[in-house]
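Here is the file model-v1.pdb (PDB, N, CA and C atoms, pLDDT in the B column).
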ATOM      1  N   MET A   1       6.824  11.646  -1.288  1.00 92.00           N
ATOM      2  CA  MET A   1       6.729  13.065  -1.473  1.00 92.00           C
ATOM      3  C   MET A   1       5.670  13.605  -0.514  1.00 92.00           C
ATOM      4  N   LYS A   2       5.978  14.697   0.184  1.00 95.00           N
ATOM      5  CA  LYS A   2       5.051  15.291   1.142  1.00 95.00           C
ATOM      6  C   LYS A   2       4.249  16.405   0.476  1.00 95.00           C
ATOM      7  N   LEU A   3       2.933  16.329   0.651  1.00 95.00           N
ATOM      8  CA  LEU A   3       2.022  17.346   0.153  1.00 95.00           C
ATOM      9  C   LEU A   3       1.011  17.679   1.238  1.00 95.00           C
ATOM     10  N   SER A   4       0.463  18.883   1.185  1.00 95.00           N
ATOM     11  CA  SER A   4      -0.642  19.202   2.089  1.00 95.00           C
ATOM     12  C   SER A   4      -1.905  18.582   1.496  1.00 95.00           C
ATOM     13  N   LEU A   5      -2.950  18.477   2.310  1.00 94.00           N
ATOM     14  CA  LEU A   5      -4.212  17.947   1.801  1.00 94.00           C
ATOM     15  C   LEU A   5      -4.722  18.771   0.626  1.00 94.00           C
ATOM     16  N   VAL A   6      -4.468  20.066   0.658  1.00 94.00           N
ATOM     17  CA  VAL A   6      -4.908  20.954  -0.416  1.00 94.00           C
ATOM     18  C   VAL A   6      -4.203  20.616  -1.724  1.00 94.00           C
ATOM     19  N   GLU A   7      -2.922  20.276  -1.663  1.00 94.00           N
ATOM     20  CA  GLU A   7      -2.127  20.005  -2.859  1.00 94.00           C
ATOM     21  C   GLU A   7      -2.390  18.630  -3.468  1.00 94.00           C
ATOM     22  N   MET A   8      -2.923  17.700  -2.680  1.00 94.00           N
ATOM     23  CA  MET A   8      -3.198  16.357  -3.185  1.00 94.00           C
ATOM     24  C   MET A   8      -4.291  16.405  -4.247  1.00 94.00           C
ATOM     25  N   LYS A   9      -4.229  15.455  -5.166  1.00 93.00           N
ATOM     26  CA  LYS A   9      -5.267  15.335  -6.184  1.00 93.00           C
ATOM     27  C   LYS A   9      -6.333  14.362  -5.692  1.00 93.00           C
ATOM     28  N   PRO A  10      -7.588  14.560  -6.106  1.00 93.00           N
ATOM     29  CA  PRO A  10      -8.627  13.592  -5.727  1.00 93.00           C
ATOM     30  C   PRO A  10      -8.239  12.181  -6.154  1.00 93.00           C
ATOM     31  N   GLY A  11      -8.429  11.228  -5.261  1.00 94.00           N
ATOM     32  CA  GLY A  11      -8.066   9.841  -5.527  1.00 94.00           C
ATOM     33  C   GLY A  11      -6.704   9.452  -4.982  1.00 94.00           C
ATOM     34  N   GLN A  12      -5.859  10.439  -4.656  1.00 95.00           N
ATOM     35  CA  GLN A  12      -4.536  10.127  -4.106  1.00 95.00           C
ATOM     36  C   GLN A  12      -4.667   9.659  -2.660  1.00 95.00           C
ATOM     37  N   SER A  13      -3.816   8.733  -2.274  1.00 95.00           N
ATOM     38  CA  SER A  13      -3.784   8.202  -0.914  1.00 95.00           C
ATOM     39  C   SER A  13      -2.432   8.474  -0.296  1.00 95.00           C
ATOM     40  N   GLY A  14      -2.381   8.417   1.015  1.00 96.00           N
ATOM     41  CA  GLY A  14      -1.123   8.599   1.715  1.00 96.00           C
ATOM     42  C   GLY A  14      -1.303   8.432   3.210  1.00 96.00           C
ATOM     43  N   VAL A  15      -0.235   8.737   3.921  1.00 97.00           N
ATOM     44  CA  VAL A  15      -0.218   8.643   5.376  1.00 97.00           C
ATOM     45  C   VAL A  15       0.098  10.027   5.929  1.00 97.00           C
ATOM     46  N   ILE A  16      -0.666  10.456   6.917  1.00 96.00           N
ATOM     47  CA  ILE A  16      -0.419  11.763   7.523  1.00 96.00           C
ATOM     48  C   ILE A  16       0.954  11.727   8.183  1.00 96.00           C
ATOM     49  N   SER A  17       1.846  12.617   7.742  1.00 97.00           N
ATOM     50  CA  SER A  17       3.213  12.613   8.270  1.00 97.00           C
ATOM     51  C   SER A  17       3.409  13.668   9.346  1.00 97.00           C
ATOM     52  N   SER A  18       2.726  14.799   9.246  1.00 96.00           N
ATOM     53  CA  SER A  18       2.842  15.818  10.287  1.00 96.00           C
ATOM     54  C   SER A  18       1.672  16.775  10.213  1.00 96.00           C
ATOM     55  N   ILE A  19       1.451  17.432  11.342  1.00 96.00           N
ATOM     56  CA  ILE A  19       0.397  18.431  11.456  1.00 96.00           C
ATOM     57  C   ILE A  19       1.041  19.700  11.956  1.00 96.00           C
ATOM     58  N   LYS A  20       0.960  20.765  11.158  1.00 95.00           N
ATOM     59  CA  LYS A  20       1.549  22.045  11.541  1.00 95.00           C
ATOM     60  C   LYS A  20       0.544  22.805  12.396  1.00 95.00           C
ATOM     61  N   GLY A  21       0.870  22.954  13.648  1.00 92.00           N
ATOM     62  CA  GLY A  21      -0.025  23.652  14.561  1.00 92.00           C
ATOM     63  C   GLY A  21       0.265  23.249  15.979  1.00 92.00           C
ATOM     64  N   GLY A  22      -0.411  23.876  16.894  1.00 92.00           N
ATOM     65  CA  GLY A  22      -0.196  23.609  18.306  1.00 92.00           C
ATOM     66  C   GLY A  22      -0.885  22.351  18.783  1.00 92.00           C
ATOM     67  N   ALA A  23      -0.748  22.107  20.074  1.00 93.00           N
ATOM     68  CA  ALA A  23      -1.328  20.908  20.674  1.00 93.00           C
ATOM     69  C   ALA A  23      -2.850  20.925  20.599  1.00 93.00           C
ATOM     70  N   GLY A  24      -3.459  22.081  20.749  1.00 95.00           N
ATOM     71  CA  GLY A  24      -4.912  22.187  20.678  1.00 95.00           C
ATOM     72  C   GLY A  24      -5.439  21.847  19.297  1.00 95.00           C
ATOM     73  N   PHE A  25      -4.752  22.333  18.270  1.00 95.00           N
ATOM     74  CA  PHE A  25      -5.136  22.038  16.881  1.00 95.00           C
ATOM     75  C   PHE A  25      -5.021  20.542  16.613  1.00 95.00           C
ATOM     76  N   ALA A  26      -3.908  19.957  17.031  1.00 94.00           N
ATOM     77  CA  ALA A  26      -3.697  18.516  16.825  1.00 94.00           C
ATOM     78  C   ALA A  26      -4.741  17.702  17.593  1.00 94.00           C
ATOM     79  N   ALA A  27      -5.110  18.148  18.789  1.00 95.00           N
ATOM     80  CA  ALA A  27      -6.109  17.429  19.589  1.00 95.00           C
ATOM     81  C   ALA A  27      -7.483  17.468  18.923  1.00 95.00           C
ATOM     82  N   LYS A  28      -7.846  18.608  18.338  1.00 95.00           N
ATOM     83  CA  LYS A  28      -9.139  18.711  17.647  1.00 95.00           C
ATOM     84  C   LYS A  28      -9.182  17.789  16.436  1.00 95.00           C
ATOM     85  N   LEU A  29      -8.079  17.734  15.682  1.00 95.00           N
ATOM     86  CA  LEU A  29      -8.029  16.831  14.528  1.00 95.00           C
ATOM     87  C   LEU A  29      -8.061  15.370  14.983  1.00 95.00           C
ATOM     88  N   ASN A  30      -7.402  15.076  16.088  1.00 94.00           N
ATOM     89  CA  ASN A  30      -7.385  13.720  16.628  1.00 94.00           C
ATOM     90  C   ASN A  30      -8.799  13.257  16.966  1.00 94.00           C
ATOM     91  N   GLN A  31      -9.631  14.167  17.453  1.00 95.00           N
ATOM     92  CA  GLN A  31     -11.006  13.818  17.813  1.00 95.00           C
ATOM     93  C   GLN A  31     -11.826  13.378  16.610  1.00 95.00           C
ATOM     94  N   ILE A  32     -11.489  13.876  15.427  1.00 93.00           N
ATOM     95  CA  ILE A  32     -12.236  13.462  14.232  1.00 93.00           C
ATOM     96  C   ILE A  32     -11.497  12.371  13.442  1.00 93.00           C
ATOM     97  N   GLY A  33     -10.420  11.844  14.014  1.00 93.00           N
ATOM     98  CA  GLY A  33      -9.728  10.712  13.406  1.00 93.00           C
ATOM     99  C   GLY A  33      -8.532  11.061  12.548  1.00 93.00           C
ATOM    100  N   LEU A  34      -8.126  12.325  12.525  1.00 95.00           N
ATOM    101  CA  LEU A  34      -6.963  12.731  11.734  1.00 95.00           C
ATOM    102  C   LEU A  34      -5.776  12.928  12.659  1.00 95.00           C
ATOM    103  N   ARG A  35      -4.799  12.028  12.562  1.00 95.00           N
ATOM    104  CA  ARG A  35      -3.587  12.127  13.381  1.00 95.00           C
ATOM    105  C   ARG A  35      -2.426  11.523  12.611  1.00 95.00           C
ATOM    106  N   GLU A  36      -1.223  11.830  13.058  1.00 95.00           N
ATOM    107  CA  GLU A  36      -0.025  11.318  12.382  1.00 95.00           C
ATOM    108  C   GLU A  36      -0.064   9.796  12.335  1.00 95.00           C
ATOM    109  N   GLY A  37       0.310   9.254  11.174  1.00 95.00           N
ATOM    110  CA  GLY A  37       0.339   7.808  10.999  1.00 95.00           C
ATOM    111  C   GLY A  37      -0.931   7.227  10.409  1.00 95.00           C
ATOM    112  N   LYS A  38      -1.995   8.021  10.283  1.00 96.00           N
ATOM    113  CA  LYS A  38      -3.255   7.526   9.732  1.00 96.00           C
ATOM    114  C   LYS A  38      -3.215   7.533   8.208  1.00 96.00           C
ATOM    115  N   SER A  39      -3.752   6.481   7.607  1.00 96.00           N
ATOM    116  CA  SER A  39      -3.880   6.409   6.153  1.00 96.00           C
ATOM    117  C   SER A  39      -5.142   7.149   5.738  1.00 96.00           C
ATOM    118  N   ILE A  40      -5.016   7.984   4.705  1.00 96.00           N
ATOM    119  CA  ILE A  40      -6.163   8.732   4.226  1.00 96.00           C
ATOM    120  C   ILE A  40      -6.200   8.698   2.704  1.00 96.00           C
ATOM    121  N   LYS A  41      -7.356   9.023   2.148  1.00 96.00           N
ATOM    122  CA  LYS A  41      -7.523   9.146   0.706  1.00 96.00           C
ATOM    123  C   LYS A  41      -8.335  10.405   0.447  1.00 96.00           C
ATOM    124  N   LYS A  42      -7.843  11.248  -0.434  1.00 95.00           N
ATOM    125  CA  LYS A  42      -8.574  12.475  -0.766  1.00 95.00           C
ATOM    126  C   LYS A  42      -9.712  12.126  -1.707  1.00 95.00           C
ATOM    127  N   ILE A  43     -10.907  12.566  -1.345  1.00 95.00           N
ATOM    128  CA  ILE A  43     -12.086  12.295  -2.158  1.00 95.00           C
ATOM    129  C   ILE A  43     -12.340  13.451  -3.118  1.00 95.00           C
ATOM    130  N   SER A  44     -12.409  14.668  -2.581  1.00 93.00           N
ATOM    131  CA  SER A  44     -12.696  15.823  -3.428  1.00 93.00           C
ATOM    132  C   SER A  44     -12.292  17.104  -2.724  1.00 93.00           C
ATOM    133  N   SER A  45     -12.320  18.177  -3.470  1.00 87.00           N
ATOM    134  CA  SER A  45     -12.106  19.504  -2.905  1.00 87.00           C
ATOM    135  C   SER A  45     -12.854  20.509  -3.764  1.00 87.00           C
ATOM    136  N   VAL A  46     -13.151  21.636  -3.160  1.00 85.00           N
ATOM    137  CA  VAL A  46     -13.838  22.697  -3.868  1.00 85.00           C
ATOM    138  C   VAL A  46     -12.790  23.687  -4.336  1.00 85.00           C
ATOM    139  N   PHE A  47     -12.891  24.110  -5.570  1.00 80.00           N
ATOM    140  CA  PHE A  47     -11.934  25.043  -6.136  1.00 80.00           C
ATOM    141  C   PHE A  47     -11.959  26.358  -5.351  1.00 80.00           C
ATOM    142  N   ASN A  48     -10.780  26.965  -5.211  1.00 82.00           N
ATOM    143  CA  ASN A  48     -10.645  28.294  -4.619  1.00 82.00           C
ATOM    144  C   ASN A  48     -10.978  28.331  -3.127  1.00 82.00           C
ATOM    145  N   ARG A  49     -10.190  27.644  -2.343  1.00 86.00           N
ATOM    146  CA  ARG A  49     -10.234  27.701  -0.883  1.00 86.00           C
ATOM    147  C   ARG A  49     -11.483  27.108  -0.246  1.00 86.00           C
ATOM    148  N   GLY A  50     -12.039  26.110  -0.855  1.00 89.00           N
ATOM    149  CA  GLY A  50     -13.187  25.431  -0.270  1.00 89.00           C
ATOM    150  C   GLY A  50     -12.746  24.258   0.582  1.00 89.00           C
ATOM    151  N   PRO A  51     -13.691  23.558   1.197  1.00 94.00           N
ATOM    152  CA  PRO A  51     -13.343  22.407   2.042  1.00 94.00           C
ATOM    153  C   PRO A  51     -12.793  21.229   1.241  1.00 94.00           C
ATOM    154  N   VAL A  52     -12.025  20.396   1.927  1.00 94.00           N
ATOM    155  CA  VAL A  52     -11.434  19.190   1.345  1.00 94.00           C
ATOM    156  C   VAL A  52     -12.097  17.985   2.015  1.00 94.00           C
ATOM    157  N   THR A  53     -12.549  17.030   1.211  1.00 96.00           N
ATOM    158  CA  THR A  53     -13.174  15.823   1.744  1.00 96.00           C
ATOM    159  C   THR A  53     -12.193  14.664   1.635  1.00 96.00           C
ATOM    160  N   VAL A  54     -12.004  13.958   2.757  1.00 96.00           N
ATOM    161  CA  VAL A  54     -11.092  12.811   2.788  1.00 96.00           C
ATOM    162  C   VAL A  54     -11.805  11.595   3.363  1.00 96.00           C
ATOM    163  N   ASN A  55     -11.262  10.434   3.063  1.00 96.00           N
ATOM    164  CA  ASN A  55     -11.774   9.177   3.596  1.00 96.00           C
ATOM    165  C   ASN A  55     -10.757   8.660   4.616  1.00 96.00           C
ATOM    166  N   VAL A  56     -11.213   8.475   5.854  1.00 95.00           N
ATOM    167  CA  VAL A  56     -10.373   7.953   6.933  1.00 95.00           C
ATOM    168  C   VAL A  56     -11.169   6.873   7.652  1.00 95.00           C
ATOM    169  N   ASP A  57     -10.627   5.671   7.727  1.00 94.00           N
ATOM    170  CA  ASP A  57     -11.302   4.561   8.411  1.00 94.00           C
ATOM    171  C   ASP A  57     -12.731   4.367   7.912  1.00 94.00           C
ATOM    172  N   ASN A  58     -12.926   4.438   6.597  1.00 93.00           N
ATOM    173  CA  ASN A  58     -14.235   4.267   5.953  1.00 93.00           C
ATOM    174  C   ASN A  58     -15.256   5.338   6.327  1.00 93.00           C
ATOM    175  N   PHE A  59     -14.798   6.491   6.789  1.00 94.00           N
ATOM    176  CA  PHE A  59     -15.645   7.640   7.047  1.00 94.00           C
ATOM    177  C   PHE A  59     -15.188   8.792   6.160  1.00 94.00           C
ATOM    178  N   GLN A  60     -16.131   9.562   5.655  1.00 96.00           N
ATOM    179  CA  GLN A  60     -15.783  10.759   4.910  1.00 96.00           C
ATOM    180  C   GLN A  60     -15.822  11.949   5.856  1.00 96.00           C
ATOM    181  N   ILE A  61     -14.747  12.741   5.819  1.00 95.00           N
ATOM    182  CA  ILE A  61     -14.613  13.894   6.698  1.00 95.00           C
ATOM    183  C   ILE A  61     -14.302  15.109   5.832  1.00 95.00           C
ATOM    184  N   ALA A  62     -15.023  16.197   6.067  1.00 95.00           N
ATOM    185  CA  ALA A  62     -14.740  17.450   5.367  1.00 95.00           C
ATOM    186  C   ALA A  62     -13.891  18.321   6.285  1.00 95.00           C
ATOM    187  N   VAL A  63     -12.806  18.838   5.742  1.00 95.00           N
ATOM    188  CA  VAL A  63     -11.874  19.680   6.496  1.00 95.00           C
ATOM    189  C   VAL A  63     -11.784  21.019   5.775  1.00 95.00           C
ATOM    190  N   GLY A  64     -11.889  22.095   6.536  1.00 94.00           N
ATOM    191  CA  GLY A  64     -11.793  23.418   5.940  1.00 94.00           C
ATOM    192  C   GLY A  64     -10.415  23.677   5.350  1.00 94.00           C
ATOM    193  N   TYR A  65     -10.351  24.602   4.412  1.00 94.00           N
ATOM    194  CA  TYR A  65      -9.110  24.912   3.710  1.00 94.00           C
ATOM    195  C   TYR A  65      -7.989  25.284   4.676  1.00 94.00           C
ATOM    196  N   GLY A  66      -8.274  26.134   5.656  1.00 94.00           N
ATOM    197  CA  GLY A  66      -7.249  26.581   6.597  1.00 94.00           C
ATOM    198  C   GLY A  66      -6.632  25.448   7.396  1.00 94.00           C
ATOM    199  N   LYS A  67      -7.425  24.445   7.729  1.00 95.00           N
ATOM    200  CA  LYS A  67      -6.914  23.277   8.450  1.00 95.00           C
ATOM    201  C   LYS A  67      -6.198  22.328   7.480  1.00 95.00           C
ATOM    202  N   ALA A  68      -6.793  22.138   6.298  1.00 95.00           N
ATOM    203  CA  ALA A  68      -6.260  21.178   5.324  1.00 95.00           C
ATOM    204  C   ALA A  68      -4.865  21.555   4.851  1.00 95.00           C
ATOM    205  N   ILE A  69      -4.588  22.846   4.753  1.00 95.00           N
ATOM    206  CA  ILE A  69      -3.273  23.267   4.265  1.00 95.00           C
ATOM    207  C   ILE A  69      -2.184  22.996   5.311  1.00 95.00           C
ATOM    208  N   ARG A  70      -2.575  22.773   6.568  1.00 97.00           N
ATOM    209  CA  ARG A  70      -1.614  22.522   7.649  1.00 97.00           C
ATOM    210  C   ARG A  70      -1.433  21.040   7.954  1.00 97.00           C
ATOM    211  N   ILE A  71      -2.093  20.169   7.185  1.00 97.00           N
ATOM    212  CA  ILE A  71      -1.956  18.724   7.358  1.00 97.00           C
ATOM    213  C   ILE A  71      -1.096  18.201   6.217  1.00 97.00           C
ATOM    214  N   LEU A  72       0.091  17.679   6.544  1.00 97.00           N
ATOM    215  CA  LEU A  72       1.020  17.171   5.530  1.00 97.00           C
ATOM    216  C   LEU A  72       0.900  15.654   5.425  1.00 97.00           C
ATOM    217  N   VAL A  73       0.861  15.191   4.183  1.00 97.00           N
ATOM    218  CA  VAL A  73       0.656  13.773   3.907  1.00 97.00           C
ATOM    219  C   VAL A  73       1.804  13.254   3.057  1.00 97.00           C
ATOM    220  N   GLU A  74       2.330  12.103   3.417  1.00 97.00           N
ATOM    221  CA  GLU A  74       3.351  11.419   2.617  1.00 97.00           C
ATOM    222  C   GLU A  74       2.612  10.581   1.581  1.00 97.00           C
ATOM    223  N   VAL A  75       2.667  11.007   0.326  1.00 94.00           N
ATOM    224  CA  VAL A  75       1.970  10.287  -0.749  1.00 94.00           C
ATOM    225  C   VAL A  75       2.987   9.581  -1.625  1.00 94.00           C
ATOM    226  N   GLU A  76       2.541   8.503  -2.265  1.00 78.00           N
ATOM    227  CA  GLU A  76       3.399   7.786  -3.197  1.00 78.00           C
ATOM    228  C   GLU A  76       3.420   8.547  -4.503  1.00 78.00           C
ATOM    229  N   SER A  77       4.572   8.623  -5.125  1.00 68.00           N
ATOM    230  CA  SER A  77       4.659   9.292  -6.419  1.00 68.00           C
ATOM    231  C   SER A  77       4.052   8.407  -7.490  1.00 68.00           C
ATOM    232  N   ILE A  78       3.729   8.982  -8.611  1.00 61.00           N
ATOM    233  CA  ILE A  78       3.122   8.246  -9.716  1.00 61.00           C
ATOM    234  C   ILE A  78       4.073   7.163 -10.221  1.00 61.00           C
ATOM    235  N   GLU A  79       5.376   7.447 -10.219  1.00 52.00           N
ATOM    236  CA  GLU A  79       6.350   6.460 -10.686  1.00 52.00           C
ATOM    237  C   GLU A  79       6.349   5.217  -9.809  1.00 52.00           C
ATOM    238  N   GLU A  80       6.205   5.404  -8.477  1.00 51.00           N
ATOM    239  CA  GLU A  80       6.176   4.251  -7.573  1.00 51.00           C
ATOM    240  C   GLU A  80       4.955   3.395  -7.835  1.00 51.00           C
ATOM    241  N   ASN A  81       3.800   4.033  -8.081  1.00 50.00           N
ATOM    242  CA  ASN A  81       2.566   3.287  -8.333  1.00 50.00           C
ATOM    243  C   ASN A  81       2.665   2.500  -9.619  1.00 50.00           C
ATOM    244  N   SER A  82       3.233   3.064 -10.686  1.00 48.00           N
ATOM    245  CA  SER A  82       3.288   2.374 -11.974  1.00 48.00           C
ATOM    246  C   SER A  82       4.302   1.241 -11.973  1.00 48.00           C
ATOM    247  N   SER A  83       5.340   1.315 -11.164  1.00 51.00           N
ATOM    248  CA  SER A  83       6.344   0.266 -11.134  1.00 51.00           C
ATOM    249  C   SER A  83       5.865  -0.985 -10.393  1.00 51.00           C
ATOM    250  N   ARG A  84       4.802  -0.854  -9.589  1.00 52.00           N
ATOM    251  CA  ARG A  84       4.289  -1.994  -8.844  1.00 52.00           C
ATOM    252  C   ARG A  84       3.361  -2.855  -9.673  1.00 52.00           C
ATOM    253  N   GLY A  85       2.821  -2.293 -10.727  1.00 50.00           N
ATOM    254  CA  GLY A  85       1.748  -2.901 -11.428  1.00 50.00           C
ATOM    255  C   GLY A  85       1.939  -3.966 -12.357  1.00 50.00           C
TER
END
Show how you would write the structure in this file as structure tokens.
Amino acid sequence: MKLSLVEMKPGQSGVISSIKGGAGFAAKLNQIGLREGKSIKKISSVFNRGPVTVNVDNFQIAVGYGKAIRILVEVESIEENSSRG
């Protein structure tokens, strides 16, 4: 299931599937380690349009709401996680 970083719940993990934006936007995210195919885990977010904190390659990165809503992540559904256990 695809969700934006904003829609993910804290603790959820996934792989960045797409970035909505131009080449410049994607290049800026690439510089901080966020690019398609990267595994990430959402750490926290601030209620009401605040920044989103994610863990990428053992680094915590804070991303503003406007950027986070344009980063789509393929996350595993709860049913998939429970069936593995």
Can you pull out every residue within 6.5 Å of region 63-75 of chain A, counting all atoms listed in the file, but drop anything in the same chain fewer than 6 positions away, and send it as a PyMOL selection string?
chain A and resi 1-6+13-21+49-54
CA of Glu76 (chain A) to CA of Ser44 (chain A), straight-line distance in Å:
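These atoms are spaced 18.0 Å apart.
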Interatomic distance between CA of Gly11 (chain A) and CA of Gly24 (chain A)?
29.1 Å
I'd like to know which residues of region 3-76 of chain A are strand (DSSP E) (by DSSP, run on the backbone); could you write them as a VMD selection string?
chain A and resid 3 to 4 13 to 19 39 to 45 52 to 56 59 to 63 71 to 75
Using N, CA and C atoms, can you export the residues from the last selection as a PDB file, in the frame of the given file?
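Result file is out00.pdb:
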ATOM      1  N   LEU A   3       2.933  16.329   0.651  1.00 95.00           N
ATOM      2  CA  LEU A   3       2.022  17.346   0.153  1.00 95.00           C
ATOM      3  C   LEU A   3       1.011  17.679   1.238  1.00 95.00           C
ATOM      4  N   SER A   4       0.463  18.883   1.185  1.00 95.00           N
ATOM      5  CA  SER A   4      -0.642  19.202   2.089  1.00 95.00           C
ATOM      6  C   SER A   4      -1.905  18.582   1.496  1.00 95.00           C
ATOM      7  N   SER A  13      -3.816   8.733  -2.274  1.00 95.00           N
ATOM      8  CA  SER A  13      -3.784   8.202  -0.914  1.00 95.00           C
ATOM      9  C   SER A  13      -2.432   8.474  -0.296  1.00 95.00           C
ATOM     10  N   GLY A  14      -2.381   8.417   1.015  1.00 96.00           N
ATOM     11  CA  GLY A  14      -1.123   8.599   1.715  1.00 96.00           C
ATOM     12  C   GLY A  14      -1.303   8.432   3.210  1.00 96.00           C
ATOM     13  N   VAL A  15      -0.235   8.737   3.921  1.00 97.00           N
ATOM     14  CA  VAL A  15      -0.218   8.643   5.376  1.00 97.00           C
ATOM     15  C   VAL A  15       0.098  10.027   5.929  1.00 97.00           C
ATOM     16  N   ILE A  16      -0.666  10.456   6.917  1.00 96.00           N
ATOM     17  CA  ILE A  16      -0.419  11.763   7.523  1.00 96.00           C
ATOM     18  C   ILE A  16       0.954  11.727   8.183  1.00 96.00           C
ATOM     19  N   SER A  17       1.846  12.617   7.742  1.00 97.00           N
ATOM     20  CA  SER A  17       3.213  12.613   8.270  1.00 97.00           C
ATOM     21  C   SER A  17       3.409  13.668   9.346  1.00 97.00           C
ATOM     22  N   SER A  18       2.726  14.799   9.246  1.00 96.00           N
ATOM     23  CA  SER A  18       2.842  15.818  10.287  1.00 96.00           C
ATOM     24  C   SER A  18       1.672  16.775  10.213  1.00 96.00           C
ATOM     25  N   ILE A  19       1.451  17.432  11.342  1.00 96.00           N
ATOM     26  CA  ILE A  19       0.397  18.431  11.456  1.00 96.00           C
ATOM     27  C   ILE A  19       1.041  19.700  11.956  1.00 96.00           C
ATOM     28  N   SER A  39      -3.752   6.481   7.607  1.00 96.00           N
ATOM     29  CA  SER A  39      -3.880   6.409   6.153  1.00 96.00           C
ATOM     30  C   SER A  39      -5.142   7.149   5.738  1.00 96.00           C
ATOM     31  N   ILE A  40      -5.016   7.984   4.705  1.00 96.00           N
ATOM     32  CA  ILE A  40      -6.163   8.732   4.226  1.00 96.00           C
ATOM     33  C   ILE A  40      -6.200   8.698   2.704  1.00 96.00           C
ATOM     34  N   LYS A  41      -7.356   9.023   2.148  1.00 96.00           N
ATOM     35  CA  LYS A  41      -7.523   9.146   0.706  1.00 96.00           C
ATOM     36  C   LYS A  41      -8.335  10.405   0.447  1.00 96.00           C
ATOM     37  N   LYS A  42      -7.843  11.248  -0.434  1.00 95.00           N
ATOM     38  CA  LYS A  42      -8.574  12.475  -0.766  1.00 95.00           C
ATOM     39  C   LYS A  42      -9.712  12.126  -1.707  1.00 95.00           C
ATOM     40  N   ILE A  43     -10.907  12.566  -1.345  1.00 95.00           N
ATOM     41  CA  ILE A  43     -12.086  12.295  -2.158  1.00 95.00           C
ATOM     42  C   ILE A  43     -12.340  13.451  -3.118  1.00 95.00           C
ATOM     43  N   SER A  44     -12.409  14.668  -2.581  1.00 93.00           N
ATOM     44  CA  SER A  44     -12.696  15.823  -3.428  1.00 93.00           C
ATOM     45  C   SER A  44     -12.292  17.104  -2.724  1.00 93.00           C
ATOM     46  N   SER A  45     -12.320  18.177  -3.470  1.00 87.00           N
ATOM     47  CA  SER A  45     -12.106  19.504  -2.905  1.00 87.00           C
ATOM     48  C   SER A  45     -12.854  20.509  -3.764  1.00 87.00           C
ATOM     49  N   VAL A  52     -12.025  20.396   1.927  1.00 94.00           N
ATOM     50  CA  VAL A  52     -11.434  19.190   1.345  1.00 94.00           C
ATOM     51  C   VAL A  52     -12.097  17.985   2.015  1.00 94.00           C
ATOM     52  N   THR A  53     -12.549  17.030   1.211  1.00 96.00           N
ATOM     53  CA  THR A  53     -13.174  15.823   1.744  1.00 96.00           C
ATOM     54  C   THR A  53     -12.193  14.664   1.635  1.00 96.00           C
ATOM     55  N   VAL A  54     -12.004  13.958   2.757  1.00 96.00           N
ATOM     56  CA  VAL A  54     -11.092  12.811   2.788  1.00 96.00           C
ATOM     57  C   VAL A  54     -11.805  11.595   3.363  1.00 96.00           C
ATOM     58  N   ASN A  55     -11.262  10.434   3.063  1.00 96.00           N
ATOM     59  CA  ASN A  55     -11.774   9.177   3.596  1.00 96.00           C
ATOM     60  C   ASN A  55     -10.757   8.660   4.616  1.00 96.00           C
ATOM     61  N   VAL A  56     -11.213   8.475   5.854  1.00 95.00           N
ATOM     62  CA  VAL A  56     -10.373   7.953   6.933  1.00 95.00           C
ATOM     63  C   VAL A  56     -11.169   6.873   7.652  1.00 95.00           C
ATOM     64  N   PHE A  59     -14.798   6.491   6.789  1.00 94.00           N
ATOM     65  CA  PHE A  59     -15.645   7.640   7.047  1.00 94.00           C
ATOM     66  C   PHE A  59     -15.188   8.792   6.160  1.00 94.00           C
ATOM     67  N   GLN A  60     -16.131   9.562   5.655  1.00 96.00           N
ATOM     68  CA  GLN A  60     -15.783  10.759   4.910  1.00 96.00           C
ATOM     69  C   GLN A  60     -15.822  11.949   5.856  1.00 96.00           C
ATOM     70  N   ILE A  61     -14.747  12.741   5.819  1.00 95.00           N
ATOM     71  CA  ILE A  61     -14.613  13.894   6.698  1.00 95.00           C
ATOM     72  C   ILE A  61     -14.302  15.109   5.832  1.00 95.00           C
ATOM     73  N   ALA A  62     -15.023  16.197   6.067  1.00 95.00           N
ATOM     74  CA  ALA A  62     -14.740  17.450   5.367  1.00 95.00           C
ATOM     75  C   ALA A  62     -13.891  18.321   6.285  1.00 95.00           C
ATOM     76  N   VAL A  63     -12.806  18.838   5.742  1.00 95.00           N
ATOM     77  CA  VAL A  63     -11.874  19.680   6.496  1.00 95.00           C
ATOM     78  C   VAL A  63     -11.784  21.019   5.775  1.00 95.00           C
ATOM     79  N   ILE A  71      -2.093  20.169   7.185  1.00 97.00           N
ATOM     80  CA  ILE A  71      -1.956  18.724   7.358  1.00 97.00           C
ATOM     81  C   ILE A  71      -1.096  18.201   6.217  1.00 97.00           C
ATOM     82  N   LEU A  72       0.091  17.679   6.544  1.00 97.00           N
ATOM     83  CA  LEU A  72       1.020  17.171   5.530  1.00 97.00           C
ATOM     84  C   LEU A  72       0.900  15.654   5.425  1.00 97.00           C
ATOM     85  N   VAL A  73       0.861  15.191   4.183  1.00 97.00           N
ATOM     86  CA  VAL A  73       0.656  13.773   3.907  1.00 97.00           C
ATOM     87  C   VAL A  73       1.804  13.254   3.057  1.00 97.00           C
ATOM     88  N   GLU A  74       2.330  12.103   3.417  1.00 97.00           N
ATOM     89  CA  GLU A  74       3.351  11.419   2.617  1.00 97.00           C
ATOM     90  C   GLU A  74       2.612  10.581   1.581  1.00 97.00           C
ATOM     91  N   VAL A  75       2.667  11.007   0.326  1.00 94.00           N
ATOM     92  CA  VAL A  75       1.970  10.287  -0.749  1.00 94.00           C
ATOM     93  C   VAL A  75       2.987   9.581  -1.625  1.00 94.00           C
TER      94      VAL A  75
END
Write down as a list in words the residues of chain A whose backbone DSSP state falls under helix (DSSP H, G or I).
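Matching residues, listed in order: Ala23, Gly24, Phe25, Ala26, Ala27, Lys28, Leu29, Asn30, Gln31, Tyr65, Gly66, Lys67, Ala68, Ile78, Glu79, Glu80, Asn81, Ser82, Ser83 and Arg84 of chain A.
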Can you tell me how far CA of Ser45 (chain A) sits from CA of Gly22 (chain A), in Å to one decimal?
24.7 Å
Could you work out an axis-aligned bounding box for all listed atoms of region 44-53 of chain A, with 4 Å added on each of the six sides, and give its centre and edge lengths in Å to one decimal, as AutoDock Vina command-line options?
--center_x -12.0 --center_y 21.5 --center_z -2.0 --size_x 11.6 --size_y 21.7 --size_z 16.2
